[in-house]
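Data file: model.cif. Format and content: mmCIF, C-alpha atoms.
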data_entry
loop_
_atom_site.group_PDB
_atom_site.id
_atom_site.type_symbol
_atom_site.label_atom_id
_atom_site.label_comp_id
_atom_site.auth_asym_id
_atom_site.auth_seq_id
_atom_site.Cartn_x
_atom_site.Cartn_y
_atom_site.Cartn_z
ATOM 1 C CA MET D 1 4.731 -40.961 12.861
ATOM 2 C CA THR D 2 4.289 -40.521 9.098
ATOM 3 C CA ILE D 3 5.750 -37.675 7.069
ATOM 4 C CA SER D 4 5.158 -36.871 3.417
ATOM 5 C CA LEU D 5 8.155 -36.154 1.194
ATOM 6 C CA PRO D 6 8.382 -35.061 -2.466
ATOM 7 C CA LEU D 7 9.998 -37.161 -5.184
ATOM 8 C CA SER D 8 12.187 -34.247 -6.309
ATOM 9 C CA VAL D 9 13.494 -30.865 -5.224
ATOM 10 C CA THR D 10 14.029 -27.731 -7.284
ATOM 11 C CA ILE D 11 17.453 -26.134 -7.129
ATOM 12 C CA PRO D 12 17.243 -22.403 -7.884
ATOM 13 C CA ARG D 13 19.686 -20.994 -10.457
ATOM 14 C CA LYS D 14 20.771 -17.377 -10.963
ATOM 15 C CA THR D 15 21.383 -17.309 -14.705
ATOM 16 C CA LYS D 16 19.766 -20.519 -15.939
ATOM 17 C CA GLU D 17 16.422 -22.225 -15.566
ATOM 18 C CA ASP D 18 15.894 -23.823 -12.140
ATOM 19 C CA LYS D 19 17.040 -27.457 -11.971
ATOM 20 C CA VAL D 20 14.632 -30.200 -10.919
ATOM 21 C CA PHE D 21 16.631 -32.789 -8.994
ATOM 22 C CA ALA D 22 14.715 -36.096 -9.031
ATOM 23 C CA LEU D 23 15.588 -38.256 -6.063
ATOM 24 C CA ASN D 24 16.623 -41.572 -7.573
ATOM 25 C CA LEU D 25 19.893 -43.480 -7.829
ATOM 26 C CA ASN D 26 20.453 -42.520 -11.484
ATOM 27 C CA THR D 27 20.436 -38.822 -10.617
ATOM 28 C CA PHE D 28 22.357 -39.496 -7.398
ATOM 29 C CA ARG D 29 25.097 -41.346 -9.309
ATOM 30 C CA ASN D 30 25.466 -38.799 -12.122
ATOM 31 C CA ALA D 31 25.110 -35.500 -10.252
ATOM 32 C CA HIS D 32 28.008 -33.101 -9.832
ATOM 33 C CA HIS D 33 29.119 -32.873 -6.194
ATOM 34 C CA MET D 34 28.053 -29.212 -5.931
ATOM 35 C CA THR D 35 24.593 -29.989 -7.311
ATOM 36 C CA MET D 36 24.341 -32.930 -4.907
ATOM 37 C CA ASN D 37 25.229 -30.688 -1.964
ATOM 38 C CA GLN D 38 22.668 -28.064 -3.008
ATOM 39 C CA ALA D 39 19.996 -30.761 -3.264
ATOM 40 C CA LYS D 40 20.884 -32.145 0.191
ATOM 41 C CA VAL D 41 20.615 -28.673 1.768
ATOM 42 C CA ILE D 42 17.187 -28.142 0.181
ATOM 43 C CA TRP D 43 16.121 -31.669 1.184
ATOM 44 C CA LYS D 44 17.063 -30.981 4.803
ATOM 45 C CA ASP D 45 14.720 -27.962 4.750
ATOM 46 C CA VAL D 46 11.971 -30.118 3.211
ATOM 47 C CA VAL D 47 12.368 -32.756 5.930
ATOM 48 C CA SER D 48 12.465 -30.081 8.639
ATOM 49 C CA GLY D 49 9.207 -28.616 7.337
ATOM 50 C CA ALA D 50 7.577 -32.049 7.162
ATOM 51 C CA LEU D 51 8.545 -32.664 10.795
ATOM 52 C CA GLN D 52 7.057 -29.438 12.197
ATOM 53 C CA ASP D 53 4.118 -31.181 13.865
ATOM 54 C CA TRP D 54 6.304 -33.903 15.380
ATOM 55 C CA TYR D 55 8.893 -31.776 17.101
ATOM 56 C CA THR D 56 8.671 -30.778 20.724
ATOM 57 C CA SER D 57 10.430 -27.777 22.235
ATOM 58 C CA ASP D 58 12.597 -27.778 25.303
ATOM 59 C CA ILE D 59 12.945 -24.921 27.783
ATOM 60 C CA ASP D 60 15.216 -22.739 25.638
ATOM 61 C CA GLY D 61 13.000 -23.218 22.553
ATOM 62 C CA SER D 62 15.406 -25.357 20.540
ATOM 63 C CA ARG D 63 13.915 -28.280 18.668
ATOM 64 C CA TYR D 64 14.440 -31.941 19.410
ATOM 65 C CA TYR D 65 12.604 -35.213 19.012
ATOM 66 C CA ALA D 66 12.603 -37.890 21.680
ATOM 67 C CA ASP D 67 14.920 -40.688 20.561
ATOM 68 C CA ASN D 68 13.101 -44.005 20.983
ATOM 69 C CA ALA D 69 15.593 -46.021 18.947
ATOM 70 C CA PRO D 70 15.787 -48.504 17.411
ATOM 71 C CA TYR D 71 13.374 -47.786 14.561
ATOM 72 C CA LEU D 72 11.678 -49.417 11.591
ATOM 73 C CA PHE D 73 11.497 -47.015 8.621
ATOM 74 C CA THR D 74 8.939 -47.730 5.884
ATOM 75 C CA TYR D 75 9.126 -45.717 2.652
ATOM 76 C CA THR D 76 5.957 -45.897 0.514
ATOM 77 C CA VAL D 77 6.064 -44.376 -2.982
ATOM 78 C CA PHE D 78 2.986 -42.822 -4.631
ATOM 79 C CA PRO D 79 4.127 -41.994 -8.213
ATOM 80 C CA SER D 80 2.321 -39.657 -10.601
ATOM 81 C CA SER D 81 1.965 -42.222 -13.394
ATOM 82 C CA GLY D 82 1.709 -45.939 -14.034
ATOM 83 C CA ARG D 83 5.135 -46.058 -15.640
ATOM 84 C CA ALA D 84 7.086 -49.005 -14.212
ATOM 85 C CA PHE D 85 10.088 -48.108 -12.066
ATOM 86 C CA ASP D 86 12.538 -49.803 -9.749
ATOM 87 C CA LEU D 87 11.264 -49.192 -6.222
ATOM 88 C CA ALA D 88 14.732 -49.354 -4.670
ATOM 89 C CA ASN D 89 16.050 -46.871 -7.249
ATOM 90 C CA VAL D 90 13.750 -44.179 -5.843
ATOM 91 C CA CYS D 91 13.555 -45.200 -2.197
ATOM 92 C CA ALA D 92 17.291 -45.713 -1.663
ATOM 93 C CA ALA D 93 18.109 -42.144 -2.732
ATOM 94 C CA ILE D 94 15.260 -40.702 -0.665
ATOM 95 C CA GLN D 95 16.340 -42.839 2.284
ATOM 96 C CA LYS D 96 19.963 -41.661 2.107
ATOM 97 C CA PHE D 97 19.017 -37.988 1.927
ATOM 98 C CA THR D 98 16.360 -38.364 4.643
ATOM 99 C CA ASP D 99 18.504 -40.362 7.072
ATOM 100 C CA ASP D 100 21.260 -37.743 6.820
ATOM 101 C CA ALA D 101 18.748 -34.917 7.320
ATOM 102 C CA LEU D 102 17.147 -36.604 10.348
ATOM 103 C CA GLN D 103 20.582 -36.983 11.921
ATOM 104 C CA GLU D 104 21.589 -33.364 11.178
ATOM 105 C CA LEU D 105 18.257 -32.159 12.607
ATOM 106 C CA ASN D 106 18.878 -34.188 15.798
ATOM 107 C CA VAL D 107 15.730 -36.238 15.237
ATOM 108 C CA ILE D 108 17.752 -39.436 15.453
ATOM 109 C CA GLU D 109 21.111 -39.783 17.140
ATOM 110 C CA ASN D 110 22.675 -41.708 14.269
ATOM 111 C CA ASP D 111 21.585 -43.431 11.060
ATOM 112 C CA ASN D 112 23.473 -46.668 11.718
ATOM 113 C CA TYR D 113 21.914 -50.093 12.386
ATOM 114 C CA LYS D 114 21.782 -49.471 16.137
ATOM 115 C CA HIS D 115 19.215 -46.722 15.547
ATOM 116 C CA ILE D 116 17.554 -47.767 12.266
ATOM 117 C CA ARG D 117 17.163 -51.518 12.620
ATOM 118 C CA ALA D 118 15.155 -52.154 9.441
ATOM 119 C CA VAL D 119 14.024 -50.320 6.315
ATOM 120 C CA ARG D 120 11.101 -51.329 4.106
ATOM 121 C CA TYR D 121 10.243 -50.098 0.600
ATOM 122 C CA GLU D 122 6.632 -50.278 -0.583
ATOM 123 C CA PHE D 123 4.554 -49.209 -3.571
ATOM 124 C CA GLY D 124 1.448 -47.261 -2.527
ATOM 125 C CA LYS D 125 -0.705 -46.382 -5.525
ATOM 126 C CA ILE D 126 -0.671 -43.956 -8.432
ATOM 127 C CA ASP D 127 -1.508 -40.437 -7.261
ATOM 128 C CA LYS D 128 -1.517 -37.948 -10.146
ATOM 129 C CA GLU D 129 -2.526 -35.070 -7.864
ATOM 130 C CA ASN D 130 0.062 -35.602 -5.117
ATOM 131 C CA PRO D 131 3.057 -37.773 -6.095
ATOM 132 C CA ARG D 132 5.171 -38.386 -2.995
ATOM 133 C CA CYS D 133 7.024 -40.758 -0.766
ATOM 134 C CA GLU D 134 5.657 -41.272 2.722
ATOM 135 C CA LEU D 135 8.030 -42.200 5.513
ATOM 136 C CA ARG D 136 6.512 -44.044 8.439
ATOM 137 C CA ILE D 137 8.754 -44.185 11.511
ATOM 138 C CA GLU D 138 7.899 -46.823 14.064
ATOM 139 C CA GLN D 139 9.686 -48.200 17.051
ATOM 140 C CA TRP D 140 11.420 -51.470 16.175
ATOM 141 C CA ARG D 141 9.967 -54.518 17.875
ATOM 142 C CA GLU D 142 11.957 -57.739 18.165
ATOM 143 C CA ILE D 143 10.193 -60.784 16.758
#

Would you write the structure of this file as structure tokens?
Amino acid sequence: MTISLPLSVTIPRKTKEDKVFALNLNTFRNAHHMTMNQAKVIWKDVVSGALQDWYTSDIDGSRYYADNAPYLFTYTVFPSSGRAFDLANVCAAIQKFTDDALQELNVIENDNYKHIRAVRYEFGKIDKENPRCELRIEQWREI
């Protein structure tokens, strides 16, 4: 399964201009706890929307995803420009937000090493039209 995720979320404001929250460790480290919480709530909705095609429904209509843990998660970044950046700086923040969202959405039982055995960060290519981070979830296979 592969889902496409943005590199930022927009936090709506009542009296000020909306805030663009870039998902990277610099923003993660410096953000106020209320801003961080708002971004995580919005991110959970983004992840939920990206998962729409991968969910199945049980008898009462609630959503769940079959847990085939353990997993290998691969995050591939497609930035909008050729500006050099630290891959882990972007992917680590996206991973943290996404792992928490997947757990809250009951897609995975837990985000510990028993369920997510390995995580890979990759650079895709420059995509000016559609900057994103793609998450590929595969079943972990022992070597």

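Within the 12 Å cut-off around Phe97 of chain D, using only C-alpha atoms and omitting residues fewer than 5 positions from it on the same chain, the listed residues are Leu5, Pro6, Leu7, Ser8, Val9, Ala22, Leu23, Asn24, Leu25, Phe28, Met36, Asn37, Gln38, Ala39, Lys40, Val41, Ile42, Trp43, Lys44, Asp45, Val46, Val47, Val90, Cys91, Ala92, Leu102, Gln103, Glu104 and Asp111 of chain D.
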
Can those selected residues be exported to a file as a PDB file, keeping the file's coordinate frame so that it contains C-alpha atoms?
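Dumped to out36.pdb:
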ATOM      1  CA  LEU D   5       8.155 -36.154   1.194  1.00  0.00           C
ATOM      2  CA  PRO D   6       8.382 -35.061  -2.466  1.00  0.00           C
ATOM      3  CA  LEU D   7       9.998 -37.161  -5.184  1.00  0.00           C
ATOM      4  CA  SER D   8      12.187 -34.247  -6.309  1.00  0.00           C
ATOM      5  CA  VAL D   9      13.494 -30.865  -5.224  1.00  0.00           C
ATOM      6  CA  ALA D  22      14.715 -36.096  -9.031  1.00  0.00           C
ATOM      7  CA  LEU D  23      15.588 -38.256  -6.063  1.00  0.00           C
ATOM      8  CA  ASN D  24      16.623 -41.572  -7.573  1.00  0.00           C
ATOM      9  CA  LEU D  25      19.893 -43.480  -7.829  1.00  0.00           C
ATOM     10  CA  PHE D  28      22.357 -39.496  -7.398  1.00  0.00           C
ATOM     11  CA  MET D  36      24.341 -32.930  -4.907  1.00  0.00           C
ATOM     12  CA  ASN D  37      25.229 -30.688  -1.964  1.00  0.00           C
ATOM     13  CA  GLN D  38      22.668 -28.064  -3.008  1.00  0.00           C
ATOM     14  CA  ALA D  39      19.996 -30.761  -3.264  1.00  0.00           C
ATOM     15  CA  LYS D  40      20.884 -32.145   0.191  1.00  0.00           C
ATOM     16  CA  VAL D  41      20.615 -28.673   1.768  1.00  0.00           C
ATOM     17  CA  ILE D  42      17.187 -28.142   0.181  1.00  0.00           C
ATOM     18  CA  TRP D  43      16.121 -31.669   1.184  1.00  0.00           C
ATOM     19  CA  LYS D  44      17.063 -30.981   4.803  1.00  0.00           C
ATOM     20  CA  ASP D  45      14.720 -27.962   4.750  1.00  0.00           C
ATOM     21  CA  VAL D  46      11.971 -30.118   3.211  1.00  0.00           C
ATOM     22  CA  VAL D  47      12.368 -32.756   5.930  1.00  0.00           C
ATOM     23  CA  VAL D  90      13.750 -44.179  -5.843  1.00  0.00           C
ATOM     24  CA  CYS D  91      13.555 -45.200  -2.197  1.00  0.00           C
ATOM     25  CA  ALA D  92      17.291 -45.713  -1.663  1.00  0.00           C
ATOM     26  CA  LEU D 102      17.147 -36.604  10.348  1.00  0.00           C
ATOM     27  CA  GLN D 103      20.582 -36.983  11.921  1.00  0.00           C
ATOM     28  CA  GLU D 104      21.589 -33.364  11.178  1.00  0.00           C
ATOM     29  CA  ASP D 111      21.585 -43.431  11.060  1.00  0.00           C
TER      30      ASP D 111
END

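For the set D:Thr35, D:Gln139, D:Gln95, D:Ser48, the residue with the smallest atom-to-atom gap to Thr76 of chain D is D:Gln95, counting only C-alpha atoms.
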
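Ranking D:Gln52, D:Thr2, D:Thr74, D:Thr10 by their shortest atom-to-atom distance to Ala118 of chain D, with only C-alpha atoms included, puts D:Thr74 first.
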
Distance table requested - segment 15-90 of chain D against segment 134-138 of chain D, cut-off 8 Å, all atoms listed in the file: one row per qualifying residue with the closest atom pair and its distance in Å to one decimal, ordered by chain and rising residue number, as CSV.
residue,atom,partner,partner_atom,distance
D:Tyr71,CA,D:Glu138,CA,5.6
D:Leu72,CA,D:Glu138,CA,5.2
D:Phe73,CA,D:Ile137,CA,4.9
D:Thr74,CA,D:Arg136,CA,5.1
D:Tyr75,CA,D:Leu135,CA,4.7
D:Thr76,CA,D:Glu134,CA,5.1
D:Val77,CA,D:Glu134,CA,6.5
D:Phe78,CA,D:Glu134,CA,8.0

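Compared by their closest atoms to Ser81 of chain D, and using all atoms listed in the file, the residues D:Ala69, D:Ile126, D:Ala93, D:Val119 rank with D:Ile126 nearest.
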
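Interatomic distance, atom CA of Ile3 of chain D to atom CA of Gly49 of chain D: 9.7 Å.
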
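Across the structure, atom CA of Ala50 of chain D and atom CA of Ser4 of chain D are spaced 6.6 Å apart.
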
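When atom CA of Asn26 of chain D is paired with atom CA of Asn89 of chain D, their separation reads 7.5 Å.
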
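Closest approach to Arg132 of chain D among D:Leu87, D:Lys96, D:Ser80, D:Thr27: D:Ser80, based on only C-alpha atoms.
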
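Residue nearest Gly124 of chain D within the list D:Met34, D:Asn106, D:Pro79, D:Thr98: D:Pro79 [criterion: smallest interatomic distance, only C-alpha atoms].
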
Q: Between D:Glu129, D:Phe123, D:Ile116, D:Leu105, single out the one closest to Phe85 of chain D, counting only C-alpha atoms.
A: D:Phe123
